[in-house]
>>> print(open('model-v6.txt').read())   # compact mmCIF, C-alpha atoms
# COMPACT_ATOMS: atom_id res chain seq x y z
CA MET N 9 -6.99 -19.53 25.21
CA ASN N 10 -10.65 -19.03 24.44
CA ARG N 11 -9.96 -19.80 20.77
CA ILE N 12 -8.46 -23.20 21.53
CA LEU N 13 -10.88 -26.09 21.44
CA LEU N 14 -10.15 -29.25 23.33
CA SER N 15 -11.98 -32.26 22.02
CA ASN N 16 -13.92 -33.08 25.21
CA SER N 17 -14.10 -32.48 28.95
CA ASN N 18 -12.29 -35.74 29.75
CA GLN N 19 -9.19 -34.51 27.90
CA ILE N 20 -9.31 -31.25 29.86
CA GLU N 21 -9.38 -33.11 33.17
CA ASN N 22 -6.63 -35.44 31.96
CA LEU N 23 -4.42 -32.48 31.03
CA LYS N 24 -4.99 -30.80 34.41
CA PHE N 25 -4.11 -34.03 36.20
CA HIS N 26 -0.79 -34.43 34.38
CA LEU N 27 0.20 -30.82 34.98
CA ALA N 28 -0.54 -31.15 38.69
CA LEU N 29 1.33 -34.45 38.81
CA PHE N 30 4.43 -32.86 37.30
CA GLN N 31 4.39 -30.00 39.80
CA ASN N 32 3.97 -32.31 42.77
CA PHE N 33 6.96 -34.46 41.84
CA THR N 34 9.36 -31.70 40.73
CA GLN N 35 12.40 -31.63 43.00
CA TYR N 36 14.10 -28.51 41.68
CA ASN N 37 14.18 -25.14 43.43
CA TYR N 38 12.81 -23.49 40.28
CA THR N 39 9.70 -24.68 38.43
CA PHE N 40 7.54 -23.05 35.77
CA LEU N 41 4.02 -21.92 36.67
CA PRO N 42 2.06 -22.59 34.55
CA PHE N 43 3.93 -25.63 33.18
CA ARG N 44 4.97 -24.84 29.61
CA MET N 45 5.47 -26.56 26.34
CA LEU N 46 5.32 -30.17 27.54
CA VAL N 47 1.79 -30.47 26.21
CA SER N 48 1.15 -33.57 24.17
CA LYS N 49 -0.81 -33.57 20.96
CA PHE N 50 -2.76 -36.36 22.58
CA PHE N 51 -4.66 -33.78 24.62
CA ILE N 52 -5.13 -31.13 21.95
CA SER N 53 -6.36 -31.53 18.42
CA ASN N 54 -3.61 -31.27 15.80
CA SER N 55 -5.22 -28.27 14.10
CA ARG N 56 -5.18 -26.24 17.33
CA PHE N 57 -1.85 -27.36 18.81
CA HIS N 58 0.15 -24.58 17.11
CA LEU N 59 -2.20 -21.89 18.45
CA PHE N 60 -2.02 -23.37 21.92
CA ARG N 61 1.80 -23.34 21.80
CA GLN N 62 1.84 -19.69 20.72
CA TRP N 63 -0.51 -18.78 23.56
CA LEU N 64 1.71 -20.51 26.12
CA ARG N 65 4.81 -18.71 24.84
CA ALA N 66 3.10 -15.34 25.05
CA LYS N 67 2.23 -15.78 28.71
CA SER N 68 4.45 -14.37 31.48
CA THR N 69 7.01 -16.67 33.06
CA TYR N 70 6.90 -17.39 36.75
CA LEU N 71 9.39 -18.96 39.10
CA LYS N 72 8.50 -20.84 42.22
CA ILE N 73 11.13 -19.87 44.78
CA LYS N 74 11.55 -22.49 47.52
CA PRO N 75 14.25 -21.40 49.97
CA LYS N 76 14.91 -23.93 52.74
CA LYS N 77 14.09 -22.90 56.29
CA ASP N 78 15.95 -24.00 59.41
CA GLY N 79 13.26 -26.51 60.19
CA GLY N 80 13.65 -28.18 56.80
CA GLU N 81 10.35 -26.87 55.45
CA ARG N 82 10.11 -24.83 52.28
CA ASP N 83 8.55 -21.41 51.86
CA THR N 84 7.00 -21.12 48.39
CA ARG N 85 6.57 -17.81 46.55
CA HIS N 86 5.79 -17.07 42.93
CA VAL N 87 7.95 -14.46 41.17
CA GLN N 88 7.06 -13.17 37.74
CA LEU N 89 10.10 -12.69 35.51
CA LEU N 90 10.05 -9.60 33.30
CA LYS N 91 11.46 -10.02 29.80
CA SER N 92 11.50 -6.23 29.44
CA ARG N 93 14.30 -6.20 32.04
CA GLY N 94 16.16 -9.11 30.54
CA GLN N 95 15.46 -11.39 33.49
CA HIS N 96 16.94 -14.67 32.26
CA LEU N 97 18.39 -16.46 35.28
CA LEU N 98 21.40 -18.76 34.94
CA THR N 99 20.59 -21.96 36.85
CA ASN N 100 23.32 -24.41 35.77
CA SER N 101 25.62 -24.87 38.79
CA ARG N 102 28.53 -26.11 36.70
CA VAL N 103 28.45 -22.97 34.56
CA LEU N 104 28.16 -20.79 37.65
CA ASP N 105 31.17 -22.52 39.22
CA ALA N 106 33.15 -22.12 35.97
CA ILE N 107 32.42 -18.38 35.89
CA VAL N 108 33.59 -17.95 39.49
CA ALA N 109 36.71 -20.06 38.87
CA THR N 110 37.76 -18.14 35.74
CA SER N 111 37.30 -14.82 37.55
CA ASN N 112 40.37 -15.57 39.74
CA ILE N 113 38.84 -14.03 42.85
CA ASN N 114 41.16 -13.45 45.79
CA PRO N 115 40.00 -13.49 49.45
CA GLU N 116 40.60 -9.73 49.69
CA ASP N 117 38.69 -8.79 46.52
CA THR N 118 35.56 -6.65 46.30
CA VAL N 119 33.40 -7.91 43.43
CA LEU N 120 30.82 -5.83 41.56
CA GLU N 121 27.82 -7.78 40.23
CA ILE N 122 25.25 -6.18 37.94
CA GLY N 123 21.77 -7.73 37.92
CA PRO N 124 22.06 -10.55 40.48
CA GLY N 125 18.49 -11.72 39.87
CA THR N 126 17.58 -14.27 42.55
CA GLY N 127 21.20 -14.60 43.67
CA ASN N 128 22.45 -17.83 42.10
CA LEU N 129 25.79 -16.29 41.16
CA THR N 130 25.82 -13.92 44.14
CA LEU N 131 25.88 -16.74 46.70
CA LYS N 132 28.87 -18.35 45.00
CA LEU N 133 30.71 -15.04 44.86
CA LEU N 134 30.05 -14.41 48.56
CA GLN N 135 31.79 -17.67 49.42
CA VAL N 136 35.12 -16.61 47.89
CA ALA N 137 35.23 -12.79 47.96
CA LYS N 138 35.71 -10.40 50.84
CA LYS N 139 32.80 -8.24 49.67
CA VAL N 140 30.18 -8.36 46.92
CA VAL N 141 28.46 -5.20 45.69
CA ALA N 142 25.28 -6.28 43.90
CA ILE N 143 23.21 -3.72 41.98
CA GLU N 144 19.65 -4.77 41.11
CA ILE N 145 16.84 -2.61 39.73
CA ASP N 146 14.02 -4.99 40.73
CA LYS N 147 12.96 -4.59 44.38
CA ARG N 148 11.53 -8.12 44.46
CA MET N 149 14.89 -9.59 43.47
CA VAL N 150 16.67 -7.41 46.04
CA GLU N 151 14.49 -8.90 48.75
CA ILE N 152 15.13 -12.46 47.56
CA VAL N 153 18.92 -12.01 47.31
CA GLY N 154 19.03 -10.47 50.79
CA GLU N 155 17.05 -13.34 52.28
CA ARG N 156 19.18 -16.00 50.58
CA ALA N 157 22.40 -14.34 51.76
CA ALA N 158 21.03 -14.16 55.31
CA GLN N 159 20.05 -17.82 55.26
CA SER N 160 23.59 -18.69 54.17
CA GLY N 161 25.09 -16.53 56.93
CA LEU N 162 26.93 -14.36 54.38
CA GLN N 163 24.90 -11.16 54.67
CA ASP N 164 27.84 -9.26 56.23
CA ARG N 165 29.77 -9.63 52.98
CA LEU N 166 26.95 -8.31 50.79
CA ASN N 167 26.35 -4.68 49.85
CA LEU N 168 22.99 -4.79 48.08
CA ILE N 169 21.99 -1.68 46.12
CA CYS N 170 18.53 -1.24 44.60
CA GLY N 171 18.85 0.96 41.53
CA ASP N 172 19.59 1.32 37.84
CA ALA N 173 23.18 0.26 37.17
CA LEU N 174 23.50 2.82 34.38
CA LYS N 175 22.55 5.67 36.71
CA THR N 176 24.05 4.43 39.98
CA GLU N 177 27.51 5.59 41.02
CA PHE N 178 29.57 2.47 41.61
CA PRO N 179 31.35 2.12 44.96
CA GLU N 180 34.96 0.96 44.95
CA PHE N 181 35.61 -2.51 43.55
CA ASN N 182 38.49 -4.36 41.90
CA LEU N 183 36.64 -7.11 39.98
CA VAL N 184 33.43 -7.36 37.98
CA VAL N 185 31.53 -10.66 37.63
CA ALA N 186 28.03 -10.45 36.15
CA ASN N 187 25.33 -11.91 33.95
CA ILE N 188 24.50 -8.64 32.18
CA PRO N 189 20.96 -8.05 30.88
CA TYR N 190 21.19 -8.05 27.08
CA GLY N 191 19.40 -4.72 26.74
CA ILE N 192 22.12 -2.70 28.49
CA SER N 193 25.26 -4.49 27.26
CA SER N 194 26.78 -1.61 25.25
CA PRO N 195 26.14 1.28 27.66
CA LEU N 196 27.17 -0.78 30.69
CA LEU N 197 30.43 -1.84 29.04
CA ALA N 198 31.06 1.80 28.18
CA LYS N 199 30.46 2.86 31.77
CA LEU N 200 32.86 0.20 33.06
CA VAL N 201 35.79 0.75 30.70
CA LEU N 202 35.46 4.54 30.53
CA GLY N 203 35.30 4.67 34.32
CA SER N 204 38.36 2.47 34.81
CA ASN N 205 40.57 5.56 35.11
CA THR N 206 38.76 6.82 38.21
CA ASN N 207 37.79 3.39 39.56
CA PRO N 208 40.40 0.93 38.28
CA PHE N 209 39.60 -2.78 38.33
CA ARG N 210 41.59 -5.88 37.46
CA SER N 211 39.15 -7.59 35.12
CA ALA N 212 35.47 -8.04 34.26
CA THR N 213 34.07 -11.54 33.69
CA LEU N 214 30.80 -11.04 31.84
CA LEU N 215 28.07 -13.28 30.47
CA LEU N 216 26.83 -11.70 27.24
CA GLN N 217 24.65 -12.56 24.27
CA LYS N 218 26.75 -14.80 22.01
CA GLU N 219 26.41 -12.63 18.89
CA PHE N 220 27.30 -9.53 20.89
CA ALA N 221 30.37 -11.29 22.29
CA LYS N 222 31.46 -12.32 18.79
CA ARG N 223 31.33 -8.68 17.68
CA LEU N 224 33.27 -7.66 20.77
CA LEU N 225 35.99 -10.25 20.05
CA ALA N 226 36.21 -9.61 16.29
CA ASN N 227 39.54 -8.64 14.70
CA ASN N 228 40.24 -6.67 11.55
CA GLY N 229 39.54 -8.85 8.52
CA ASP N 230 36.78 -10.84 10.28
CA SER N 231 33.27 -10.58 8.85
CA GLU N 232 32.01 -9.48 12.30
CA PHE N 233 34.62 -6.71 12.65
CA ASN N 234 32.83 -3.50 13.61
CA ARG N 235 33.02 -0.21 15.41
CA LEU N 236 32.27 -1.83 18.79
CA ALA N 237 35.40 -3.98 18.53
CA VAL N 238 37.59 -1.06 17.39
CA ASN N 239 36.45 1.20 20.22
CA MET N 240 36.82 -1.53 22.84
CA LYS N 241 40.34 -2.46 21.67
CA LEU N 242 41.39 1.14 22.26
CA LEU N 243 40.64 0.83 25.98
CA ALA N 244 40.78 -2.86 26.89
CA ASP N 245 41.79 -6.38 25.92
CA VAL N 246 39.01 -8.95 25.51
CA GLU N 247 39.40 -12.71 26.02
CA PHE N 248 36.93 -15.47 25.15
CA VAL N 249 36.18 -17.92 27.98
CA MET N 250 33.34 -20.24 26.96
CA ASN N 251 29.91 -20.54 25.38
CA VAL N 252 26.77 -21.11 27.45
CA SER N 253 23.66 -22.82 26.09
CA LYS N 254 20.35 -20.99 26.20
CA ARG N 255 18.93 -24.09 27.93
CA ASP N 256 20.92 -23.19 31.04
CA PHE N 257 18.65 -20.18 31.66
CA VAL N 258 15.18 -19.72 33.11
CA PRO N 259 13.23 -18.65 31.14
CA CYS N 260 15.02 -19.94 28.07
CA PRO N 261 16.12 -16.99 25.86
CA LYS N 262 16.08 -17.13 22.07
CA VAL N 263 19.88 -17.20 21.70
CA ASP N 264 22.96 -18.73 23.34
CA SER N 265 25.40 -16.74 25.46
CA SER N 266 29.17 -16.43 25.88
CA VAL N 267 31.46 -15.61 28.78
CA VAL N 268 34.25 -13.10 28.10
CA LYS N 269 36.92 -11.48 30.25
CA ILE N 270 37.80 -7.82 29.80
CA TYR N 271 41.11 -6.37 31.00
CA PRO N 272 41.26 -2.54 31.05
CA LYS N 273 44.49 -1.19 29.57
CA ILE N 274 46.77 0.61 32.00
CA GLU N 275 47.96 2.96 29.27
CA ILE N 276 45.75 4.05 26.39
CA PRO N 277 46.69 6.17 23.34
CA ASN N 278 46.64 9.92 23.79
CA VAL N 279 43.51 10.64 21.78
CA ASP N 280 40.38 12.71 22.34
CA LEU N 281 37.75 10.03 22.92
CA ASN N 282 34.95 12.18 21.51
CA GLU N 283 36.96 12.74 18.33
CA TRP N 284 37.79 9.02 18.10
CA TRP N 285 34.16 8.04 18.61
CA ALA N 286 32.98 10.35 15.80
CA PHE N 287 35.86 9.24 13.53
CA THR N 288 35.08 5.51 13.88
CA ARG N 289 31.37 6.20 13.32
CA THR N 290 32.27 7.83 9.99
CA CYS N 291 34.58 4.99 8.95
CA PHE N 292 32.19 2.18 9.88
CA GLY N 293 29.08 3.74 8.37
CA LYS N 294 30.13 1.86 5.21
CA LYS N 295 32.89 -0.40 6.51
CA ASN N 296 33.32 -2.42 3.30
CA LYS N 297 33.77 0.64 1.08
CA THR N 298 37.19 2.12 0.50
CA LEU N 299 38.12 5.16 2.56
CA GLY N 300 38.40 7.10 -0.68
CA ALA N 301 34.77 6.34 -1.51
CA ILE N 302 33.62 7.14 2.04
CA PHE N 303 35.26 10.57 2.10
CA LYS N 304 34.06 11.51 -1.39
CA GLN N 305 30.38 11.49 -0.35
CA LYS N 306 28.99 15.02 -0.64
CA LYS N 307 26.89 14.84 2.52
CA LYS N 308 29.83 13.61 4.60
CA LEU N 309 32.14 16.23 3.07
CA MET N 310 29.71 19.03 3.94
CA GLU N 311 29.44 17.76 7.50
CA LEU N 312 33.21 17.54 7.97
CA MET N 313 33.78 20.89 6.29
CA ASN N 314 31.37 22.61 8.69
CA LEU N 315 32.99 20.92 11.71
CA SER N 316 36.49 21.72 10.49
CA ARG N 317 35.87 25.29 9.31
CA ALA N 318 37.01 26.97 12.52
CA GLU N 319 40.33 25.11 12.55
CA GLY N 320 41.08 23.50 9.21
CA LEU N 321 39.66 26.09 6.82
CA ASN N 322 41.06 29.02 8.76
CA ARG N 323 44.44 27.36 8.49
CA MET N 324 43.97 27.07 4.72
CA HIS N 325 43.12 30.80 4.56
CA ASN N 326 46.26 31.64 6.53
CA GLU N 327 48.29 29.58 4.10
CA GLY N 328 47.01 31.67 1.20
CA ASP N 329 43.90 29.79 -0.01
CA SER N 330 41.96 33.05 -0.29
CA ASP N 331 39.56 31.68 -2.91
CA LEU N 332 38.32 28.98 -0.55
CA SER N 333 35.28 30.97 0.60
CA SER N 334 34.34 32.22 -2.87
CA SER N 335 31.57 29.70 -3.18
CA THR N 336 30.29 26.58 -1.44
CA SER N 337 31.06 24.37 -4.42
CA THR N 338 34.60 25.69 -4.67
CA SER N 339 35.14 25.25 -0.96
CA LEU N 340 33.77 21.73 -1.09
CA SER N 341 35.97 20.85 -4.04
CA LEU N 342 39.09 22.15 -2.33
CA PHE N 343 38.14 20.38 0.88
CA ARG N 344 37.70 17.09 -1.00
CA GLU N 345 41.08 17.50 -2.65
CA ARG N 346 42.70 18.13 0.73
CA ILE N 347 41.22 14.90 2.21
CA ILE N 348 42.10 12.79 -0.85
CA SER N 349 45.65 14.15 -0.73
CA ILE N 350 45.95 13.08 2.91
CA LEU N 351 44.58 9.60 2.17
CA GLU N 352 47.00 9.18 -0.73
CA SER N 353 50.02 10.37 1.26
CA GLY N 354 49.21 7.88 4.03
CA GLU N 355 48.40 5.09 1.55
CA PHE N 356 44.82 4.85 2.85
CA LEU N 357 42.89 5.78 -0.30
CA ASP N 358 42.09 2.22 -1.44
CA LYS N 359 41.96 0.62 2.01
CA ARG N 360 38.76 -0.47 3.72
CA PRO N 361 37.88 0.15 7.39
CA SER N 362 37.05 -3.53 7.90
CA LYS N 363 40.70 -4.41 7.16
CA LEU N 364 42.47 -1.78 9.28
CA CYS N 365 43.92 -2.33 12.75
CA ASN N 366 43.73 0.21 15.58
CA ASP N 367 47.26 1.52 14.98
CA GLU N 368 46.32 2.35 11.39
CA PHE N 369 43.11 4.10 12.50
CA LEU N 370 45.11 6.16 15.01
CA ARG N 371 47.65 7.15 12.36
CA LEU N 372 44.92 8.19 9.90
CA LEU N 373 43.10 10.26 12.53
CA SER N 374 46.38 11.96 13.45
CA LEU N 375 47.00 12.85 9.79
CA LEU N 376 43.50 14.29 9.36
CA ASN N 377 43.54 16.25 12.62
CA GLY N 378 47.00 17.55 11.76
CA ALA N 379 45.52 19.01 8.57
CA GLY N 380 42.71 20.68 10.51
CA ILE N 381 40.03 18.12 9.63
CA TYR N 382 37.87 17.14 12.61
CA PHE N 383 34.97 14.78 13.21
CA HIS N 384 33.70 16.17 16.52
CA ASP N 385 32.62 19.70 17.41
CA GLN N 386 35.73 21.13 19.04
CA GLY N 387 33.60 23.70 20.85
CA LYS N 388 32.00 21.01 22.98
CA GLN N 389 33.53 19.85 26.24
CA ASN N 390 36.14 17.15 25.76
CA GLY N 391 36.48 14.09 27.97
CA SER N 392 32.71 13.69 28.40
CA CYS N 393 32.33 10.82 25.96
CA ASP N 394 28.79 9.57 25.77
CA SER N 395 27.89 6.02 26.84
CA THR N 396 27.25 5.17 23.19
CA PHE N 397 31.02 5.39 22.64
CA LEU N 398 31.15 1.57 22.48
CA ALA N 399 27.98 1.15 20.47
CA SER N 400 28.12 -0.38 17.03
CA ASP N 401 25.64 0.84 14.45
CA ASP N 402 24.32 -2.69 14.03
CA ASP N 403 24.89 -4.15 17.50
CA LEU N 404 22.58 -6.80 18.88
CA ARG N 405 21.34 -5.59 22.24
>>> encode(input="model-v6.txt", output="structure tokens")
Amino acid sequence: MNRILLSNSNQIENLKFHLALFQNFTQYNYTFLPFRMLVSKFFISNSRFHLFRQWLRAKSTYLKIKPKKDGGERDTRHVQLLKSRGQHLLTNSRVLDAIVATSNINPEDTVLEIGPGTGNLTLKLLQVAKKVVAIEIDKRMVEIVGERAAQSGLQDRLNLICGDALKTEFPEFNLVVANIPYGISSPLLAKLVLGSNTNPFRSATLLLQKEFAKRLLANNGDSEFNRLAVNMKLLADVEFVMNVSKRDFVPCPKVDSSVVKIYPKIEIPNVDLNEWWAFTRTCFGKKNKTLGAIFKQKKKLMELMNLSRAEGLNRMHNEGDSDLSSSTSTSLSLFRERIISILESGEFLDKRPSKLCNDEFLRLLSLLNGAGIYFHDQGKQNGSCDSTFLASDDDLR
């Protein structure tokens, strides 16, 4: 701010007056402090206006919280929003109502909400659900949500937990409705869908970054098709609901958002999730190359040969391939031939991962595993799939 030169003291006073005037006449529950971006070039010289705008954007965002008291007065507090925690609060009532409506909440439902913020969505959920479990990492937000629920007389329906959603053990619930912080989208989705066996739920209505949602919804053949979509389709069905403008948030994020509904599958294919995760990572490392080209790479062949040696190569020895261990190059050559033979027999050699559906991926993995070729260390504990199971190598977080 010190670098910005206003033309004279009268313009400074004029600017202060207009900012104060705006704050005095604002009727909304949420207002920016300091008031941002509505600064006219009339007050600041043209050559310095760009610097002034950059300085304003770099400053922290504050909300003025004005909850009504019984006496009609308003208690004003300033809350700093932390971008590092993805604190972008949805303030459009029509969007909030649409999210609640599309969630199909029954009077007997227990709803899990991740990151309630100041409670805009929480209060609407409390009005229609039997119980709301809200998990919030920010103690300041926990206090605000608790106070707002108490003022609405709905505190008995609220179970408010202060903690990290990724590390907190979820209590029982049968629905998820949440505006998820962008930074934890992949690991939180993984925790939800991978935990649906032990804590089953009907559906999850989630507000996500638009580009992330597009990747989640992508089908084989789409330009956005990726490992995230393949892994999610194994465990759940995903449905698009609606787009949400970035202007409906405070502070305004850089990108728009989308609402999606996720339905966990009751029955999933009988596959080792760790093996599947490693297999899809291999396939989508170069998703637009043919599978033949992917599995001919020397580095990848060496990696797979080392992982498969205990099972696959021992099987080859037992079948009479005694020359397999004569040298590394010979072993690698024989291993390559074995993989190419499998790809040819299954008609996968010239196919590309970006064009395959999940049934085709499952069939290919079954063929490779059946020949003793593995993508995950079989000595490690199975069933303990990491939270990055749903991560795409190029996901937007």
>>> atom_distance(input="model-v6.txt", atom1="CA of Asp245 in chain N", atom2="CA of Pro272 in chain N")
6.4 Å
>>> residues_around(input="model-v6.txt", residues="range 340-344 of chain N", least_positions_apart="2", cutoff="8 Å", atoms="only C-alpha atoms", output="ChimeraX atom specification")
/N:303-304,309-310,313,332,336-338,346-348
>>> residues_around(input="model-v6.txt", residues="range 102-108 of chain N", least_positions_apart="6", cutoff="8 Å", atoms="only C-alpha atoms", output="PyMOL selection string")
chain N and resi 128-129+132-133+185+213+252+267
>>> atom_distance(input="model-v6.txt", atom1="CA of Thr298 in chain N", atom2="CA of Lys359 in chain N")
5.2 Å
>>> atom_distance(input="model-v6.txt", atom1="CA of Asn278 in chain N", atom2="CA of Leu312 in chain N")
22.1 Å
>>> closest_residue(input="model-v6.txt", among="N:Leu200, N:Leu97, N:Leu89, N:Ile122", to="Phe257 in chain N", atoms="only C-alpha atoms")
N:Leu97
>>> residues_near_point(input="model-v6.txt", point="(21.6, -3.2, 39.8)", cutoff="6 Å", atoms="all atoms listed in the file", output="ChimeraX atom specification")
/N:122-123,143-145,171-173
>>> closest_residue(input="model-v6.txt", among="N:Asp358, N:Asp146, N:Glu368, N:Asp117", to="Leu90 in chain N", atoms="only C-alpha atoms")
N:Asp146
>>> residues_around(input="model-v6.txt", residues="range 227-237 of chain N", least_positions_apart="4", cutoff="12 Å", atoms="all atoms listed in the file", output="JSON, numbers by chain")
{"N": [193, 194, 195, 197, 198, 219, 220, 221, 222, 223, 241, 242, 243, 244, 245, 246, 284, 285, 286, 287, 288, 289, 290, 291, 292, 293, 294, 295, 296, 359, 360, 361, 362, 363, 364, 365, 366, 367, 368, 369, 396, 397, 398, 399, 400, 401, 402, 403, 404]}
>>> axis_aligned_box(input="model-v6.txt", around="range 303-310 of chain N", padding_each_side="4 Å", output="AutoDock Vina command-line options")
--center_x 31.1 --center_y 14.8 --center_z 1.6 --size_x 16.4 --size_y 16.5 --size_z 14.0
>>> build_atoms(input="model-v6.txt", residues="range 239-262 of chain N", atoms="N, CA and C atoms", output="PDB file, keeping the file's coordinate frame")
ATOM      1  N   ASN N 239      36.495   0.311  19.058  1.00  0.00           N
ATOM      2  CA  ASN N 239      36.450   1.200  20.220  1.00  0.00           C
ATOM      3  C   ASN N 239      36.857   0.484  21.502  1.00  0.00           C
ATOM      4  N   MET N 240      36.448  -0.779  21.649  1.00  0.00           N
ATOM      5  CA  MET N 240      36.820  -1.530  22.840  1.00  0.00           C
ATOM      6  C   MET N 240      38.322  -1.807  22.870  1.00  0.00           C
ATOM      7  N   LYS N 241      38.911  -2.153  21.714  1.00  0.00           N
ATOM      8  CA  LYS N 241      40.340  -2.460  21.670  1.00  0.00           C
ATOM      9  C   LYS N 241      41.199  -1.247  22.030  1.00  0.00           C
ATOM     10  N   LEU N 242      40.646  -0.057  21.885  1.00  0.00           N
ATOM     11  CA  LEU N 242      41.390   1.140  22.260  1.00  0.00           C
ATOM     12  C   LEU N 242      41.601   1.195  23.770  1.00  0.00           C
ATOM     13  N   LEU N 243      40.634   0.675  24.524  1.00  0.00           N
ATOM     14  CA  LEU N 243      40.640   0.830  25.980  1.00  0.00           C
ATOM     15  C   LEU N 243      40.901  -0.444  26.758  1.00  0.00           C
ATOM     16  N   ALA N 244      40.685  -1.616  26.129  1.00  0.00           N
ATOM     17  CA  ALA N 244      40.780  -2.860  26.890  1.00  0.00           C
ATOM     18  C   ALA N 244      41.105  -4.036  25.986  1.00  0.00           C
ATOM     19  N   ASP N 245      41.590  -5.105  26.601  1.00  0.00           N
ATOM     20  CA  ASP N 245      41.790  -6.380  25.920  1.00  0.00           C
ATOM     21  C   ASP N 245      40.640  -7.308  26.281  1.00  0.00           C
ATOM     22  N   VAL N 246      40.160  -8.065  25.294  1.00  0.00           N
ATOM     23  CA  VAL N 246      39.010  -8.950  25.510  1.00  0.00           C
ATOM     24  C   VAL N 246      39.430 -10.388  25.229  1.00  0.00           C
ATOM     25  N   GLU N 247      39.034 -11.295  26.125  1.00  0.00           N
ATOM     26  CA  GLU N 247      39.400 -12.710  26.020  1.00  0.00           C
ATOM     27  C   GLU N 247      38.155 -13.579  26.065  1.00  0.00           C
ATOM     28  N   PHE N 248      38.056 -14.523  25.146  1.00  0.00           N
ATOM     29  CA  PHE N 248      36.930 -15.470  25.150  1.00  0.00           C
ATOM     30  C   PHE N 248      37.163 -16.548  26.208  1.00  0.00           C
ATOM     31  N   VAL N 249      36.086 -16.895  26.941  1.00  0.00           N
ATOM     32  CA  VAL N 249      36.180 -17.920  27.980  1.00  0.00           C
ATOM     33  C   VAL N 249      35.432 -19.184  27.576  1.00  0.00           C
ATOM     34  N   MET N 250      34.125 -19.065  27.325  1.00  0.00           N
ATOM     35  CA  MET N 250      33.340 -20.240  26.960  1.00  0.00           C
ATOM     36  C   MET N 250      31.958 -19.814  26.480  1.00  0.00           C
ATOM     37  N   ASN N 251      31.291 -20.732  25.780  1.00  0.00           N
ATOM     38  CA  ASN N 251      29.910 -20.540  25.380  1.00  0.00           C
ATOM     39  C   ASN N 251      28.974 -21.164  26.407  1.00  0.00           C
ATOM     40  N   VAL N 252      27.778 -20.616  26.513  1.00  0.00           N
ATOM     41  CA  VAL N 252      26.770 -21.110  27.450  1.00  0.00           C
ATOM     42  C   VAL N 252      25.462 -21.318  26.695  1.00  0.00           C
ATOM     43  N   SER N 253      24.895 -22.497  26.809  1.00  0.00           N
ATOM     44  CA  SER N 253      23.660 -22.820  26.090  1.00  0.00           C
ATOM     45  C   SER N 253      22.481 -22.038  26.648  1.00  0.00           C
ATOM     46  N   LYS N 254      21.561 -21.694  25.765  1.00  0.00           N
ATOM     47  CA  LYS N 254      20.350 -20.990  26.200  1.00  0.00           C
ATOM     48  C   LYS N 254      19.504 -21.865  27.122  1.00  0.00           C
ATOM     49  N   ARG N 255      19.700 -23.182  27.081  1.00  0.00           N
ATOM     50  CA  ARG N 255      18.930 -24.090  27.930  1.00  0.00           C
ATOM     51  C   ARG N 255      19.352 -24.035  29.390  1.00  0.00           C
ATOM     52  N   ASP N 256      20.457 -23.330  29.663  1.00  0.00           N
ATOM     53  CA  ASP N 256      20.920 -23.190  31.040  1.00  0.00           C
ATOM     54  C   ASP N 256      20.271 -22.005  31.756  1.00  0.00           C
ATOM     55  N   PHE N 257      19.311 -21.349  31.092  1.00  0.00           N
ATOM     56  CA  PHE N 257      18.650 -20.180  31.660  1.00  0.00           C
ATOM     57  C   PHE N 257      17.167 -20.448  31.893  1.00  0.00           C
ATOM     58  N   VAL N 258      16.609 -19.721  32.850  1.00  0.00           N
ATOM     59  CA  VAL N 258      15.180 -19.720  33.110  1.00  0.00           C
ATOM     60  C   VAL N 258      14.713 -18.269  33.151  1.00  0.00           C
ATOM     61  N   PRO N 259      13.758 -17.878  32.271  1.00  0.00           N
ATOM     62  CA  PRO N 259      13.230 -18.650  31.140  1.00  0.00           C
ATOM     63  C   PRO N 259      14.274 -18.757  30.037  1.00  0.00           C
ATOM     64  N   CYS N 260      14.064 -19.694  29.142  1.00  0.00           N
ATOM     65  CA  CYS N 260      15.020 -19.940  28.070  1.00  0.00           C
ATOM     66  C   CYS N 260      14.981 -18.779  27.068  1.00  0.00           C
ATOM     67  N   PRO N 261      16.113 -18.067  26.862  1.00  0.00           N
ATOM     68  CA  PRO N 261      16.120 -16.990  25.860  1.00  0.00           C
ATOM     69  C   PRO N 261      16.146 -17.567  24.449  1.00  0.00           C
ATOM     70  N   LYS N 262      16.109 -16.692  23.464  1.00  0.00           N
ATOM     71  CA  LYS N 262      16.080 -17.130  22.070  1.00  0.00           C
ATOM     72  C   LYS N 262      17.472 -17.494  21.549  1.00  0.00           C
TER      73      LYS N 262
END
